[in-house]
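Here is the structure we will look at, set down as structure tokens.
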Amino acid sequence: MPNLNGVELAKEVHLIDNTIPVIIMTGYPSMDHAIETLKNGVVDFLTKPIKMDQLLHTLHRVMRERSLFIDNILLKEEAKKNEKLRLINQELQQKIGEVETINLILQKLNQVTSSKDLFDILVNLSGEVTDCDEAHFFVCDHEMADHAIISSFCRDHCDAVADAQSIEKSIIKRVMDEKMPFLVKRGEKKGSVMAIPFTIRSNVFGVLTSIVHNGRSCFNEKDLYFSNFLAEKASSLIENLALYENIYENLFSTLYAFVETIEARDPYTKQHSTRVSRYAIAIAKAMDRSQEEIAELNVSGNLHDIGKIGIPDHILLKPDKLTEDEYEFIKKHPVIGSNIVGHLGMWMDERKIIRHHHERWDGHGYPDRLKGDEIPLLSRILAVADVYDALTSDRSYRKKLAEEVAVKTIGENMGSQFDPEIAGVFLRIHSQGQIVS
Ligand SMILES: [Fe+2]
């Protein structure tokens with residue numbers, strides 16, 4: 001061979017691809033030579049002179065062995081890939097689980113509309129997310145250095161609150177002081193406790209404690225992470241709700257002060273709005289309306305005549321019959337009222353209720369001459385309550401009517417002025433003594 005001998009060629013081939021089987025044919029067989037060739041990746045060697053059938057046989061064998069060798073390498077690589085894939089899949093499943101938990105927390109918190117429901121949702125969520133046996137929410141009083149449970153969750157029926165009271169005061173106190181989550185094993189037969197602070201502007205106002213009983217696995221880092229996430233989201237939600245409820249209350253008080261001003265101008269209508277909302281709520285309750293609708297009636301009942309703020313005294317307090325123009329002026333009050341309330345961007349339902357409280361079932365009311373079901377249900381309820389109170393109280397232009405006359409008037413106007421079903425409910429609860437003027 002030119003330039004290289006057989007062994008050197010075998011070395012070169014081996015460097016290019018070590019899976020290529022090399023067979024050496026030699027005319028000088030010796031043990032040393034055989035060892036030297038095998039060291040260099042030669043799989044077999046044949047001694048000259050070569051017999052063709054022997055060469056063929058060796059070639060077949062070597063190729064078969066190579067094919068097995070390659071298969072083996074491929075299988076190993078495949079197994080490695082599969083293992084990698086399995087690990088990635090496992091990690092992915094774990095991440096999906098985490099995202100689902102985060103979603104669950106956000107979704108449940110999103111449904112909260114008042115701070116009243118929030119604490120029950122919080123302890124239940126803690127039960128669901130950390131799989132604890134009990135969860136309790138403590139509100140903290142820094143001045144008194146005290147705390148009290150306001151909401152509890154218990155997986156199986158157990159004396160949860162009594163047990164929670166026995167949680168070492170030091171745990172709550174430590175969380176309140178350090179403003180850091182706390183994970184503690186409570187020793188033999190007591191399981192473990194996780195306590196998470198709830199803060200608003202770095203003041204701890206509450207602590208969520210989750211407990212696992214003895215015999216069950218303890219909390220892990222993930223439980224701590226999710227509980228912290230829950231605390232963080234819920235704290236800002238509480239802050240927003242508190243602000244909203246505060247603004248809502250303030251706004252209502254401000255607007256109600258306007259109503260009181262109007263009623264103070266006209267001694268005959270004193271407390272009219274309060275009574276109207278009381279009667280309307282009684283009717284709504286008898287009709288099994290929702291809590292939300294009752295709350296809406298409370299706002300719209302109290303504010304229904306707020307639009308009268310713009311009506312001058314000489315019209316509002318006129319003892320004689322109103323002129324047509326004066327009456328037209330008075331008729332603007334539902335629209336003015338709904339605009340005042342609507343400007344605030346909240347109470348959109350209440351706005352409609354106020355606008356339509358002078359509509360009539362037969363379509364001859366104002367301002368939009370709506371008819372029957374076109375009139376919002378709560379406006380129809382308010383209309384009955386409003387007229388009943390007007391009839392049973394003194395007005396600048398007439399004395400109050402006797403109770404039975406007022407009731408008779410409502411009955412006579414069923415189906416014309418009033419929704420017959422609502423007027424029917426009113427008459428029924430009135431006869432049962434549930435409407436007291
Ligand atoms: Fe009115």
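Letters A, B, ... mark the chains of the structure tokens in the order given; residue numbers begin at 1 per chain; ligand numbers begin at 1, in order shown.
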
If you count only C-alpha atoms, which residues fall within 12 Å of stretch 39-52 of chain A, apart from same-chain ones fewer than 3 positions away, as a ChimeraX atom specification?
-> /A:6-36,55-59,61-63,65-66

Using only C-alpha atoms and all ligand atoms, which residues of chain A come within 9 Å of ligand 1, and what is the closest atom pair for each, with the distance in Å to one decimal? Give it as JSON lines, sorted by chain and residue number.
```
{"residue": "A:His304", "atom": "CA", "partner": "ligand 1", "partner_atom_place_in_ligand_line": "1 (Fe)", "distance": 6.1}
{"residue": "A:Asp305", "atom": "CA", "partner": "ligand 1", "partner_atom_place_in_ligand_line": "1 (Fe)", "distance": 4.9}
{"residue": "A:Ile306", "atom": "CA", "partner": "ligand 1", "partner_atom_place_in_ligand_line": "1 (Fe)", "distance": 8.5}
{"residue": "A:Gly307", "atom": "CA", "partner": "ligand 1", "partner_atom_place_in_ligand_line": "1 (Fe)", "distance": 8.3}
{"residue": "A:Lys308", "atom": "CA", "partner": "ligand 1", "partner_atom_place_in_ligand_line": "1 (Fe)", "distance": 8.1}
{"residue": "A:Ile330", "atom": "CA", "partner": "ligand 1", "partner_atom_place_in_ligand_line": "1 (Fe)", "distance": 8.8}
{"residue": "A:Lys331", "atom": "CA", "partner": "ligand 1", "partner_atom_place_in_ligand_line": "1 (Fe)", "distance": 8.3}
{"residue": "A:His333", "atom": "CA", "partner": "ligand 1", "partner_atom_place_in_ligand_line": "1 (Fe)", "distance": 6.9}
{"residue": "A:Pro334", "atom": "CA", "partner": "ligand 1", "partner_atom_place_in_ligand_line": "1 (Fe)", "distance": 6.4}
{"residue": "A:Ile354", "atom": "CA", "partner": "ligand 1", "partner_atom_place_in_ligand_line": "1 (Fe)", "distance": 8.2}
{"residue": "A:His357", "atom": "CA", "partner": "ligand 1", "partner_atom_place_in_ligand_line": "1 (Fe)", "distance": 6.6}
{"residue": "A:His358", "atom": "CA", "partner": "ligand 1", "partner_atom_place_in_ligand_line": "1 (Fe)", "distance": 6.3}
{"residue": "A:Ala383", "atom": "CA", "partner": "ligand 1", "partner_atom_place_in_ligand_line": "1 (Fe)", "distance": 8.4}
{"residue": "A:Asp386", "atom": "CA", "partner": "ligand 1", "partner_atom_place_in_ligand_line": "1 (Fe)", "distance": 7.3}
{"residue": "A:Val387", "atom": "CA", "partner": "ligand 1", "partner_atom_place_in_ligand_line": "1 (Fe)", "distance": 8.9}
```

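For the residues A:His364, A:Lys222, A:Lys233, A:Lys179, ranking by smallest atom-to-atom distance to A:Phe205 using only C-alpha atoms places A:Lys179 first.
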
Residue nearest A:Arg186 - candidates A:Asn214, A:Asn72, A:Thr130, A:Ser170, atoms counted: only C-alpha atoms = A:Asn214

Apply DSSP to the structure's backbone, then extract all residues of stretch 83-330 of chain A labelled strand (DSSP E) and return them as a ChimeraX atom specification.
-> /A:134-141,146-154,182-185,192-200,203-212

For A:Ile410, list every protein, DNA or RNA residue within 10 Å, evaluated using only C-alpha atoms, and leave out those in the same chain fewer than 2 positions away; present the list as a list in words.
->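 Answer for this query is Val384, Ala385, Val387, Tyr388, Leu391, Glu404, Val405, Ala406, Val407, Lys408, Glu412, Asn413, Met414, Gln417, Phe418, Pro420, Ala423, Gly424, Phe426 and Leu427 of chain A.
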
Go ahead and save the picked residues with N, CA and C atoms, as an mmCIF file, in the first residue's frame.
```
data_model
loop_
_atom_site.group_PDB
_atom_site.id
_atom_site.type_symbol
_atom_site.label_atom_id
_atom_site.label_comp_id
_atom_site.auth_asym_id
_atom_site.auth_seq_id
_atom_site.Cartn_x
_atom_site.Cartn_y
_atom_site.Cartn_z
ATOM 1 N N VAL A 384 -95.509 51.594 43.865
ATOM 2 C CA VAL A 384 -96.578 51.249 44.823
ATOM 3 C C VAL A 384 -96.243 51.842 46.198
ATOM 4 N N ALA A 385 -94.970 51.639 46.631
ATOM 5 C CA ALA A 385 -94.562 52.122 47.951
ATOM 6 C C ALA A 385 -94.657 53.647 48.021
ATOM 7 N N VAL A 387 -96.577 55.770 46.219
ATOM 8 C CA VAL A 387 -97.957 56.280 46.233
ATOM 9 C C VAL A 387 -98.624 55.990 47.587
ATOM 10 N N TYR A 388 -98.386 54.792 48.107
ATOM 11 C CA TYR A 388 -98.997 54.462 49.403
ATOM 12 C C TYR A 388 -98.554 55.460 50.471
ATOM 13 N N LEU A 391 -100.190 58.847 49.963
ATOM 14 C CA LEU A 391 -101.607 58.858 50.376
ATOM 15 C C LEU A 391 -101.759 58.882 51.895
ATOM 16 N N GLU A 404 -107.677 52.723 55.283
ATOM 17 C CA GLU A 404 -108.479 51.863 54.391
ATOM 18 C C GLU A 404 -108.719 52.533 53.030
ATOM 19 N N VAL A 405 -108.789 53.879 53.040
ATOM 20 C CA VAL A 405 -108.993 54.593 51.765
ATOM 21 C C VAL A 405 -107.735 54.447 50.905
ATOM 22 N N ALA A 406 -106.571 54.576 51.546
ATOM 23 C CA ALA A 406 -105.302 54.452 50.813
ATOM 24 C C ALA A 406 -105.190 53.053 50.205
ATOM 25 N N VAL A 407 -105.481 52.043 51.005
ATOM 26 C CA VAL A 407 -105.385 50.654 50.533
ATOM 27 C C VAL A 407 -106.363 50.415 49.384
ATOM 28 N N LYS A 408 -107.573 50.982 49.545
ATOM 29 C CA LYS A 408 -108.595 50.821 48.515
ATOM 30 C C LYS A 408 -108.113 51.464 47.201
ATOM 31 N N GLU A 412 -107.766 49.767 43.628
ATOM 32 C CA GLU A 412 -108.524 50.244 42.453
ATOM 33 C C GLU A 412 -107.613 50.520 41.253
ATOM 34 N N ASN A 413 -106.333 50.797 41.538
ATOM 35 C CA ASN A 413 -105.419 51.148 40.450
ATOM 36 C C ASN A 413 -104.523 49.995 39.992
ATOM 37 N N MET A 414 -104.853 48.790 40.472
ATOM 38 C CA MET A 414 -104.115 47.600 40.020
ATOM 39 C C MET A 414 -104.373 47.431 38.532
ATOM 40 N N GLN A 417 -102.543 51.914 37.060
ATOM 41 C CA GLN A 417 -101.322 52.601 37.490
ATOM 42 C C GLN A 417 -100.229 51.605 37.917
ATOM 43 N N PHE A 418 -100.677 50.532 38.601
ATOM 44 C CA PHE A 418 -99.674 49.623 39.203
ATOM 45 C C PHE A 418 -99.651 48.251 38.540
ATOM 46 N N PRO A 420 -100.265 44.698 38.523
ATOM 47 C CA PRO A 420 -101.260 44.034 39.363
ATOM 48 C C PRO A 420 -100.648 43.026 40.332
ATOM 49 N N ALA A 423 -98.992 45.079 43.217
ATOM 50 C CA ALA A 423 -100.031 45.685 44.059
ATOM 51 C C ALA A 423 -100.716 44.595 44.883
ATOM 52 N N GLY A 424 -100.896 43.400 44.269
ATOM 53 C CA GLY A 424 -101.516 42.265 44.981
ATOM 54 C C GLY A 424 -100.676 41.853 46.176
ATOM 55 N N PHE A 426 -98.558 43.737 47.751
ATOM 56 C CA PHE A 426 -98.640 44.827 48.733
ATOM 57 C C PHE A 426 -99.905 44.673 49.588
ATOM 58 N N LEU A 427 -101.055 44.444 48.912
ATOM 59 C CA LEU A 427 -102.320 44.342 49.655
ATOM 60 C C LEU A 427 -102.278 43.157 50.627
#
```

Rank A:Ile200, A:Leu316, A:Val259, A:Leu224 by their smallest atom-to-atom distance to A:Asp131, using only C-alpha atoms, and report the top residue only.
-> A:Leu224
